[in-house]
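Here is the file protein13.cif (mmCIF, C-alpha atoms, pLDDT in the B column; chains and numbers go by the auth columns).
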data_entry
loop_
_atom_site.group_PDB
_atom_site.id
_atom_site.type_symbol
_atom_site.label_atom_id
_atom_site.label_comp_id
_atom_site.label_asym_id
_atom_site.label_seq_id
_atom_site.Cartn_x
_atom_site.Cartn_y
_atom_site.Cartn_z
_atom_site.B_iso_or_equiv
_atom_site.auth_seq_id
_atom_site.auth_asym_id
ATOM 1 C CA MET A 1 -30.982 53.874 -24.820 43.00 23 A
ATOM 2 C CA SER A 2 -30.598 57.369 -26.296 73.00 24 A
ATOM 3 C CA GLU A 3 -27.170 57.848 -24.675 81.00 25 A
ATOM 4 C CA SER A 4 -25.923 54.690 -26.372 87.00 26 A
ATOM 5 C CA ASN A 5 -27.375 55.882 -29.695 87.00 27 A
ATOM 6 C CA ILE A 6 -25.585 59.194 -29.332 90.00 28 A
ATOM 7 C CA GLN A 7 -22.334 57.478 -28.390 93.00 29 A
ATOM 8 C CA GLN A 8 -22.659 55.060 -31.309 94.00 30 A
ATOM 9 C CA GLY A 9 -23.237 58.000 -33.679 95.00 31 A
ATOM 10 C CA GLN A 10 -20.270 59.934 -32.294 96.00 32 A
ATOM 11 C CA GLU A 11 -17.989 56.899 -32.613 96.00 33 A
ATOM 12 C CA TRP A 12 -19.163 56.184 -36.160 97.00 34 A
ATOM 13 C CA LEU A 13 -18.637 59.792 -37.264 97.00 35 A
ATOM 14 C CA SER A 14 -15.250 60.067 -35.518 97.00 36 A
ATOM 15 C CA SER A 15 -14.151 56.868 -37.238 97.00 37 A
ATOM 16 C CA LEU A 16 -15.237 58.178 -40.645 97.00 38 A
ATOM 17 C CA LEU A 17 -13.380 61.433 -40.061 97.00 39 A
ATOM 18 C CA GLY A 18 -10.302 59.449 -38.978 96.00 40 A
ATOM 19 C CA HIS A 19 -10.388 57.545 -42.276 96.00 41 A
ATOM 20 C CA LEU A 20 -10.298 60.933 -43.990 94.00 42 A
ATOM 21 C CA GLY A 21 -7.269 61.911 -41.912 94.00 43 A
ATOM 22 C CA ILE A 22 -9.239 64.440 -39.885 95.00 44 A
ATOM 23 C CA GLU A 23 -8.958 64.286 -36.114 94.00 45 A
ATOM 24 C CA THR A 24 -11.503 66.577 -34.464 96.00 46 A
ATOM 25 C CA PRO A 25 -14.079 66.219 -31.691 95.00 47 A
ATOM 26 C CA VAL A 26 -17.681 65.306 -32.458 96.00 48 A
ATOM 27 C CA THR A 27 -20.196 66.596 -29.924 93.00 49 A
ATOM 28 C CA SER A 28 -23.846 65.812 -29.400 90.00 50 A
ATOM 29 C CA ASP A 29 -24.708 69.425 -28.696 78.00 51 A
ATOM 30 C CA LYS A 30 -27.533 70.861 -30.749 73.00 52 A
ATOM 31 C CA PRO A 31 -26.554 74.425 -31.689 69.00 53 A
ATOM 32 C CA GLU A 32 -28.300 76.929 -29.418 67.00 54 A
ATOM 33 C CA ILE A 33 -29.963 78.773 -32.293 61.00 55 A
ATOM 34 C CA ALA A 34 -31.292 75.459 -33.634 61.00 56 A
ATOM 35 C CA GLN A 35 -32.955 74.767 -30.279 60.00 57 A
ATOM 36 C CA THR A 36 -35.118 77.862 -30.649 60.00 58 A
ATOM 37 C CA LYS A 37 -35.598 78.115 -34.416 61.00 59 A
ATOM 38 C CA PHE A 38 -35.911 74.526 -35.649 63.00 60 A
ATOM 39 C CA LYS A 39 -39.080 72.570 -35.199 59.00 61 A
ATOM 40 C CA ASP A 40 -38.307 69.440 -33.197 58.00 62 A
ATOM 41 C CA PHE A 41 -37.918 66.627 -35.704 58.00 63 A
ATOM 42 C CA GLY A 42 -36.686 64.195 -33.088 63.00 64 A
ATOM 43 C CA GLY A 43 -33.386 62.410 -33.406 78.00 65 A
ATOM 44 C CA PHE A 44 -29.955 63.643 -32.431 87.00 66 A
ATOM 45 C CA TRP A 45 -27.552 66.311 -33.576 90.00 67 A
ATOM 46 C CA LEU A 46 -23.877 65.531 -34.016 94.00 68 A
ATOM 47 C CA THR A 47 -21.662 68.552 -34.498 94.00 69 A
ATOM 48 C CA ILE A 48 -18.223 68.299 -36.059 96.00 70 A
ATOM 49 C CA ASP A 49 -15.918 70.741 -34.236 95.00 71 A
ATOM 50 C CA ASP A 50 -14.351 72.894 -36.937 95.00 72 A
ATOM 51 C CA SER A 51 -12.252 75.102 -34.613 94.00 73 A
ATOM 52 C CA GLY A 52 -8.995 73.236 -35.261 94.00 74 A
ATOM 53 C CA LEU A 53 -9.554 72.533 -38.944 96.00 75 A
ATOM 54 C CA SER A 54 -8.132 74.323 -41.957 96.00 76 A
ATOM 55 C CA PRO A 55 -10.475 76.113 -44.382 96.00 77 A
ATOM 56 C CA GLU A 56 -9.687 73.360 -46.915 95.00 78 A
ATOM 57 C CA GLN A 57 -10.775 70.629 -44.473 96.00 79 A
ATOM 58 C CA ILE A 58 -13.974 72.517 -43.676 96.00 80 A
ATOM 59 C CA ASP A 59 -14.710 72.971 -47.394 96.00 81 A
ATOM 60 C CA LEU A 60 -14.058 69.266 -47.976 95.00 82 A
ATOM 61 C CA LEU A 61 -16.419 68.150 -45.220 97.00 83 A
ATOM 62 C CA ILE A 62 -19.225 70.542 -46.129 96.00 84 A
ATOM 63 C CA GLY A 63 -18.790 70.185 -49.891 95.00 85 A
ATOM 64 C CA SER A 64 -20.458 72.165 -52.635 92.00 86 A
ATOM 65 C CA ASN A 65 -23.854 73.364 -51.374 88.00 87 A
ATOM 66 C CA GLY A 66 -23.544 70.995 -48.404 92.00 88 A
ATOM 67 C CA ARG A 67 -23.463 67.863 -50.549 91.00 89 A
ATOM 68 C CA MET A 68 -20.669 66.178 -48.575 95.00 90 A
ATOM 69 C CA LEU A 69 -22.368 66.949 -45.260 95.00 91 A
ATOM 70 C CA ASP A 70 -25.607 65.555 -46.731 92.00 92 A
ATOM 71 C CA ALA A 71 -23.772 62.428 -47.895 94.00 93 A
ATOM 72 C CA ILE A 72 -22.227 61.890 -44.454 96.00 94 A
ATOM 73 C CA GLN A 73 -25.639 62.360 -42.853 94.00 95 A
ATOM 74 C CA TYR A 74 -27.206 59.890 -45.279 93.00 96 A
ATOM 75 C CA LEU A 75 -24.454 57.340 -44.622 96.00 97 A
ATOM 76 C CA ILE A 76 -24.682 57.530 -40.840 96.00 98 A
ATOM 77 C CA ASN A 77 -28.469 57.225 -40.884 94.00 99 A
ATOM 78 C CA SER A 78 -28.431 54.365 -43.378 94.00 100 A
ATOM 79 C CA THR A 79 -25.596 52.470 -41.699 96.00 101 A
ATOM 80 C CA LEU A 80 -26.705 52.781 -38.091 94.00 102 A
ATOM 81 C CA ASN A 81 -30.351 52.000 -38.882 93.00 103 A
ATOM 82 C CA LEU A 82 -29.680 49.041 -41.164 94.00 104 A
ATOM 83 C CA GLY A 83 -31.910 46.111 -40.264 92.00 105 A
ATOM 84 C CA LYS A 84 -33.714 47.944 -37.452 91.00 106 A
ATOM 85 C CA ASP A 85 -37.471 48.135 -37.090 92.00 107 A
ATOM 86 C CA LYS A 86 -38.956 51.598 -37.635 88.00 108 A
ATOM 87 C CA GLU A 87 -39.460 52.125 -33.881 87.00 109 A
ATOM 88 C CA GLU A 88 -35.784 51.382 -33.189 87.00 110 A
ATOM 89 C CA ARG A 89 -34.335 53.736 -35.795 88.00 111 A
ATOM 90 C CA THR A 90 -32.440 56.863 -34.856 88.00 112 A
ATOM 91 C CA ALA A 91 -32.233 60.022 -36.944 89.00 113 A
ATOM 92 C CA PHE A 92 -28.979 61.976 -36.898 92.00 114 A
ATOM 93 C CA THR A 93 -28.485 65.539 -38.130 90.00 115 A
ATOM 94 C CA ILE A 94 -24.843 66.303 -38.910 94.00 116 A
ATOM 95 C CA GLU A 95 -23.826 69.930 -38.370 94.00 117 A
ATOM 96 C CA MET A 96 -20.608 71.785 -39.039 95.00 118 A
ATOM 97 C CA ALA A 97 -19.698 75.490 -39.133 93.00 119 A
ATOM 98 C CA ASP A 98 -23.408 76.363 -38.655 90.00 120 A
ATOM 99 C CA PHE A 99 -24.146 75.093 -42.173 94.00 121 A
ATOM 100 C CA ARG A 100 -27.493 73.470 -41.241 90.00 122 A
ATOM 101 C CA VAL A 101 -28.600 76.442 -39.147 88.00 123 A
ATOM 102 C CA ASN A 102 -27.767 78.906 -41.930 91.00 124 A
ATOM 103 C CA ARG A 103 -29.390 76.718 -44.593 91.00 125 A
ATOM 104 C CA TYR A 104 -32.527 76.353 -42.471 89.00 126 A
ATOM 105 C CA GLU A 105 -32.732 80.154 -42.323 90.00 127 A
ATOM 106 C CA GLU A 106 -32.363 80.344 -46.120 93.00 128 A
ATOM 107 C CA LEU A 107 -35.050 77.689 -46.662 93.00 129 A
ATOM 108 C CA THR A 108 -37.390 79.440 -44.216 93.00 130 A
ATOM 109 C CA GLN A 109 -36.976 82.680 -46.182 95.00 131 A
ATOM 110 C CA LEU A 110 -37.575 80.825 -49.455 96.00 132 A
ATOM 111 C CA ALA A 111 -40.710 79.198 -47.998 96.00 133 A
ATOM 112 C CA ASP A 112 -41.957 82.587 -46.749 96.00 134 A
ATOM 113 C CA GLN A 113 -41.388 84.150 -50.193 97.00 135 A
ATOM 114 C CA ALA A 114 -43.264 81.299 -51.860 97.00 136 A
ATOM 115 C CA ALA A 115 -46.162 81.567 -49.396 97.00 137 A
ATOM 116 C CA GLN A 116 -46.374 85.334 -49.866 97.00 138 A
ATOM 117 C CA SER A 117 -46.308 85.005 -53.661 97.00 139 A
ATOM 118 C CA VAL A 118 -49.054 82.359 -53.688 97.00 140 A
ATOM 119 C CA ARG A 119 -51.250 84.407 -51.357 97.00 141 A
ATOM 120 C CA GLU A 120 -50.771 87.594 -53.412 97.00 142 A
ATOM 121 C CA THR A 121 -51.199 86.089 -56.877 97.00 143 A
ATOM 122 C CA GLY A 122 -53.292 82.983 -56.280 96.00 144 A
ATOM 123 C CA GLN A 123 -50.869 81.185 -58.604 97.00 145 A
ATOM 124 C CA GLU A 124 -48.750 78.205 -57.600 97.00 146 A
ATOM 125 C CA TYR A 125 -45.094 78.863 -56.855 97.00 147 A
ATOM 126 C CA VAL A 126 -42.507 76.418 -58.161 97.00 148 A
ATOM 127 C CA MET A 127 -39.304 76.488 -56.142 95.00 149 A
ATOM 128 C CA PRO A 128 -35.869 75.978 -57.664 92.00 150 A
ATOM 129 C CA PRO A 129 -34.539 72.410 -57.439 89.00 151 A
ATOM 130 C CA ILE A 130 -33.406 71.425 -53.938 89.00 152 A
ATOM 131 C CA ASN A 131 -32.483 68.021 -52.564 86.00 153 A
ATOM 132 C CA SER A 132 -35.057 65.691 -51.042 84.00 154 A
ATOM 133 C CA ALA A 133 -34.108 66.431 -47.432 83.00 155 A
ATOM 134 C CA GLU A 134 -34.497 70.156 -48.025 88.00 156 A
ATOM 135 C CA ARG A 135 -37.821 69.644 -49.836 92.00 157 A
ATOM 136 C CA ARG A 136 -39.034 67.629 -46.841 88.00 158 A
ATOM 137 C CA LEU A 137 -37.912 70.453 -44.547 88.00 159 A
ATOM 138 C CA VAL A 138 -39.822 73.072 -46.582 93.00 160 A
ATOM 139 C CA HIS A 139 -42.930 70.836 -46.541 92.00 161 A
ATOM 140 C CA THR A 140 -42.569 70.792 -42.739 89.00 162 A
ATOM 141 C CA ILE A 141 -41.971 74.552 -42.481 91.00 163 A
ATOM 142 C CA LEU A 142 -45.198 75.218 -44.419 94.00 164 A
ATOM 143 C CA PHE A 143 -47.216 72.383 -42.847 92.00 165 A
ATOM 144 C CA ASP A 144 -49.109 74.622 -40.400 91.00 166 A
ATOM 145 C CA GLU A 145 -50.132 77.099 -43.116 94.00 167 A
ATOM 146 C CA THR A 146 -53.703 75.828 -43.526 94.00 168 A
ATOM 147 C CA ASP A 147 -54.415 78.039 -46.545 96.00 169 A
ATOM 148 C CA LEU A 148 -51.511 76.476 -48.468 97.00 170 A
ATOM 149 C CA GLU A 149 -50.536 73.024 -49.657 96.00 171 A
ATOM 150 C CA THR A 150 -47.243 71.678 -50.920 96.00 172 A
ATOM 151 C CA CYS A 151 -46.249 68.840 -53.191 95.00 173 A
ATOM 152 C CA SER A 152 -43.168 67.731 -55.083 94.00 174 A
ATOM 153 C CA ARG A 153 -43.269 67.442 -58.842 94.00 175 A
ATOM 154 C CA GLY A 154 -40.859 66.141 -61.462 92.00 176 A
ATOM 155 C CA GLN A 155 -37.926 63.751 -61.489 91.00 177 A
ATOM 156 C CA GLU A 156 -34.518 64.033 -59.839 86.00 178 A
ATOM 157 C CA PRO A 157 -32.326 65.986 -60.288 84.00 179 A
ATOM 158 C CA ASP A 158 -34.967 68.515 -61.398 89.00 180 A
ATOM 159 C CA ARG A 159 -37.648 67.627 -58.824 92.00 181 A
ATOM 160 C CA ARG A 160 -39.319 70.767 -57.523 95.00 182 A
ATOM 161 C CA LEU A 161 -41.403 71.686 -54.522 96.00 183 A
ATOM 162 C CA VAL A 162 -44.673 73.403 -55.467 97.00 184 A
ATOM 163 C CA VAL A 163 -46.641 75.678 -53.130 97.00 185 A
ATOM 164 C CA ALA A 164 -50.286 76.401 -53.977 97.00 186 A
ATOM 165 C CA LEU A 165 -53.473 77.610 -52.352 96.00 187 A
ATOM 166 C CA ALA A 166 -55.176 74.779 -50.476 94.00 188 A
ATOM 167 C CA THR A 167 -58.044 73.196 -52.341 87.00 189 A
ATOM 168 C CA GLY A 168 -59.234 70.975 -49.521 69.00 190 A
ATOM 169 C CA GLU A 169 -58.218 67.900 -51.523 64.00 191 A
ATOM 170 C CA GLU A 170 -55.180 65.733 -50.845 58.00 192 A
ATOM 171 C CA PRO A 171 -52.202 66.909 -52.974 49.00 193 A
ATOM 172 C CA GLU A 172 -50.681 64.433 -55.391 51.00 194 A
#

Please go through the file and, once you have read it, give me the structure as structure tokens.
Amino acid sequence: MSESNIQQGQEWLSSLLGHLGIETPVTSDKPEIAQTKFKDFGGFWLTIDDSGLSPEQIDLLIGSNGRMLDAIQYLINSTLNLGKDKEERTAFTIEMADFRVNRYEELTQLADQAAQSVRETGQEYVMPPINSAERRLVHTILFDETDLETCSRGQEPDRRLVVALATGEEPE
């Protein structure tokens, strides 16, 4: 079943790229660095091959701060999981030009800085606004830090992730 999910994802993404006038391979290879650095969130990686694309095409597909890549990822996950039961859903991560790998590194550093600040000062650390997928990733990065807890506070587009010392109570 997973091979057909991967193939369906590759075909969907290739079709979308074709509608944008971009002909380039889509692979199901998870970047090597992601295999060692990322926690396993399940699902599949689809990588858009950028080797034959112009810088303008790459910029278009990644978008400002990865917004276009995020939008494509949201669309593929929403479209291919429409009407499926939770157990049948497939999660796709869309990668291009190592954007996700580099952003994961940046978010890990941000999470480490927040954790260090909270431990040194005892005060909560409010991160700058980041999108919901990135907030979820930072929650996951800090999940195993038993002395810390995380929560999200505020309304979009100014919703913030907050890191604080664990109180033993469930965060809001």

Original post:
If I put a ball of radius 12 Å at (-22.9, 61.8, -46.7) in the file's coordinates, which residues poke into it when counting all atoms listed in the file, written as an NGL selection string?
Top reply: :A and (35 or 38-39 or 82-85 or 88-101 or 114-117)

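Atom to atom, atom CA of A:Ile152 and atom CA of A:Asp180 stand 8.2 Å apart.
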
Subject >> Residues selected by the PyMOL selection byres ((chain A and resi 79) around 12), written as a PyMOL selection string >> reply: chain A and resi 39+42-46+70-78+80-85+90+118-119

Original post:
Counting all atoms listed in the file, what is within 12 Å of A:Thr189, bar same-chain residues fewer than 4 positions away, as a list in words?
Top reply: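 Returned residues: Gly144, Glu146, Thr168, Asp169, Leu170, Glu171, Thr172, Val185, Pro193 and Glu194 of chain A.
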
Original post:
atom CA of A:Thr49 and atom CA of A:Trp67, how far apart in Å?
Top reply: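 Taking atom CA of A:Trp67 and atom CA of A:Thr49, their separation equals 8.2 Å.
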
Original post:
Within 9 Å of (-49.6, 75.2, -59.4), all atoms listed in the file: residues as a list of chain:residue names?
Top reply: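 Applying the cut-off with all atoms listed in the file, one gets A:Gln145, A:Glu146, A:Tyr147, A:Val148, A:Val184, A:Val185, A:Ala186, A:Leu187.
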
Subject >> Atom pair atom CA of A:Arg175 / atom CA of A:Tyr126: separation (Å) >> reply: 21.5 Å

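Among A:Arg111, A:Arg181, A:Lys52, A:Lys106, the residue with the shortest atom-to-atom distance to A:Met149, counting only C-alpha atoms, is A:Arg181.
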
**OP:** Report the residues retrieved by the PyMOL selection byres ((chain A and resi 156) around 12) from the displayed file, expressed as a PyMOL selection string.
**Re:** chain A and resi 87-89+92+122+125-130+132-133+149-155+157-163+174+181-183

**OP:** Write out as a VMD selection string each polymer residue whose atoms come within 12 Å of A:Gln30, counting only C-alpha atoms; drop sequence neighbours fewer than 4 positions from it.
**Re:** chain A and resid 23 to 26 34 to 37 48 to 50 66 68 98 to 99 101 to 103 112 114

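The smallest atom-to-atom distance between A:Leu164 and any of A:Gln138, A:Ser86, A:Gln32, A:Thr143, using all atoms listed in the file, is found for A:Gln138.
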
Since the input is missing atoms, can you rebuild N, CA and C atoms for stretch 82-103 of chain A and write them as a PDB file, in the coordinates of the input?
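Writing the result to part-v1.pdb gives the following:
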ATOM      1  N   LEU A  82     -13.947  70.675 -47.593  1.00 95.00           N
ATOM      2  CA  LEU A  82     -14.058  69.266 -47.976  1.00 95.00           C
ATOM      3  C   LEU A  82     -15.240  68.609 -47.286  1.00 95.00           C
ATOM      4  N   LEU A  83     -15.367  68.816 -45.983  1.00 97.00           N
ATOM      5  CA  LEU A  83     -16.419  68.150 -45.220  1.00 97.00           C
ATOM      6  C   LEU A  83     -17.812  68.702 -45.496  1.00 97.00           C
ATOM      7  N   ILE A  84     -17.914  69.980 -45.799  1.00 96.00           N
ATOM      8  CA  ILE A  84     -19.225  70.542 -46.129  1.00 96.00           C
ATOM      9  C   ILE A  84     -19.553  70.260 -47.591  1.00 96.00           C
ATOM     10  N   GLY A  85     -18.580  70.443 -48.470  1.00 95.00           N
ATOM     11  CA  GLY A  85     -18.790  70.185 -49.891  1.00 95.00           C
ATOM     12  C   GLY A  85     -19.590  71.294 -50.555  1.00 95.00           C
ATOM     13  N   SER A  86     -19.711  71.192 -51.850  1.00 92.00           N
ATOM     14  CA  SER A  86     -20.458  72.165 -52.635  1.00 92.00           C
ATOM     15  C   SER A  86     -21.932  72.124 -52.243  1.00 92.00           C
ATOM     16  N   ASN A  87     -22.450  73.260 -51.806  1.00 88.00           N
ATOM     17  CA  ASN A  87     -23.854  73.364 -51.374  1.00 88.00           C
ATOM     18  C   ASN A  87     -24.233  72.348 -50.302  1.00 88.00           C
ATOM     19  N   GLY A  88     -23.263  71.923 -49.499  1.00 92.00           N
ATOM     20  CA  GLY A  88     -23.544  70.995 -48.404  1.00 92.00           C
ATOM     21  C   GLY A  88     -23.675  69.544 -48.817  1.00 92.00           C
ATOM     22  N   ARG A  89     -23.276  69.235 -50.050  1.00 91.00           N
ATOM     23  CA  ARG A  89     -23.463  67.863 -50.549  1.00 91.00           C
ATOM     24  C   ARG A  89     -22.680  66.819 -49.758  1.00 91.00           C
ATOM     25  N   MET A  90     -21.452  67.145 -49.339  1.00 95.00           N
ATOM     26  CA  MET A  90     -20.669  66.178 -48.575  1.00 95.00           C
ATOM     27  C   MET A  90     -21.291  65.980 -47.196  1.00 95.00           C
ATOM     28  N   LEU A  91     -21.704  67.052 -46.560  1.00 95.00           N
ATOM     29  CA  LEU A  91     -22.368  66.949 -45.260  1.00 95.00           C
ATOM     30  C   LEU A  91     -23.650  66.124 -45.390  1.00 95.00           C
ATOM     31  N   ASP A  92     -24.400  66.349 -46.466  1.00 92.00           N
ATOM     32  CA  ASP A  92     -25.607  65.555 -46.731  1.00 92.00           C
ATOM     33  C   ASP A  92     -25.259  64.077 -46.922  1.00 92.00           C
ATOM     34  N   ALA A  93     -24.183  63.809 -47.652  1.00 94.00           N
ATOM     35  CA  ALA A  93     -23.772  62.428 -47.895  1.00 94.00           C
ATOM     36  C   ALA A  93     -23.365  61.742 -46.593  1.00 94.00           C
ATOM     37  N   ILE A  94     -22.623  62.448 -45.747  1.00 96.00           N
ATOM     38  CA  ILE A  94     -22.227  61.890 -44.454  1.00 96.00           C
ATOM     39  C   ILE A  94     -23.468  61.610 -43.613  1.00 96.00           C
ATOM     40  N   GLN A  95     -24.400  62.534 -43.615  1.00 94.00           N
ATOM     41  CA  GLN A  95     -25.639  62.360 -42.853  1.00 94.00           C
ATOM     42  C   GLN A  95     -26.427  61.165 -43.380  1.00 94.00           C
ATOM     43  N   TYR A  96     -26.507  61.035 -44.685  1.00 93.00           N
ATOM     44  CA  TYR A  96     -27.206  59.890 -45.279  1.00 93.00           C
ATOM     45  C   TYR A  96     -26.521  58.576 -44.880  1.00 93.00           C
ATOM     46  N   LEU A  97     -25.198  58.561 -44.966  1.00 96.00           N
ATOM     47  CA  LEU A  97     -24.454  57.340 -44.622  1.00 96.00           C
ATOM     48  C   LEU A  97     -24.640  56.937 -43.165  1.00 96.00           C
ATOM     49  N   ILE A  98     -24.545  57.881 -42.252  1.00 96.00           N
ATOM     50  CA  ILE A  98     -24.682  57.530 -40.840  1.00 96.00           C
ATOM     51  C   ILE A  98     -26.095  57.013 -40.550  1.00 96.00           C
ATOM     52  N   ASN A  99     -27.093  57.663 -41.124  1.00 94.00           N
ATOM     53  CA  ASN A  99     -28.469  57.225 -40.884  1.00 94.00           C
ATOM     54  C   ASN A  99     -28.747  55.872 -41.522  1.00 94.00           C
ATOM     55  N   SER A 100     -28.233  55.650 -42.710  1.00 94.00           N
ATOM     56  CA  SER A 100     -28.431  54.365 -43.378  1.00 94.00           C
ATOM     57  C   SER A 100     -27.690  53.246 -42.654  1.00 94.00           C
ATOM     58  N   THR A 101     -26.441  53.495 -42.316  1.00 96.00           N
ATOM     59  CA  THR A 101     -25.596  52.470 -41.699  1.00 96.00           C
ATOM     60  C   THR A 101     -26.082  52.093 -40.304  1.00 96.00           C
ATOM     61  N   LEU A 102     -26.344  53.081 -39.472  1.00 94.00           N
ATOM     62  CA  LEU A 102     -26.705  52.781 -38.091  1.00 94.00           C
ATOM     63  C   LEU A 102     -28.145  52.317 -37.926  1.00 94.00           C
ATOM     64  N   ASN A 103     -28.965  52.465 -38.953  1.00 93.00           N
ATOM     65  CA  ASN A 103     -30.351  52.000 -38.882  1.00 93.00           C
ATOM     66  C   ASN A 103     -30.603  50.734 -39.697  1.00 93.00           C
TER      67      ASN A 103
END
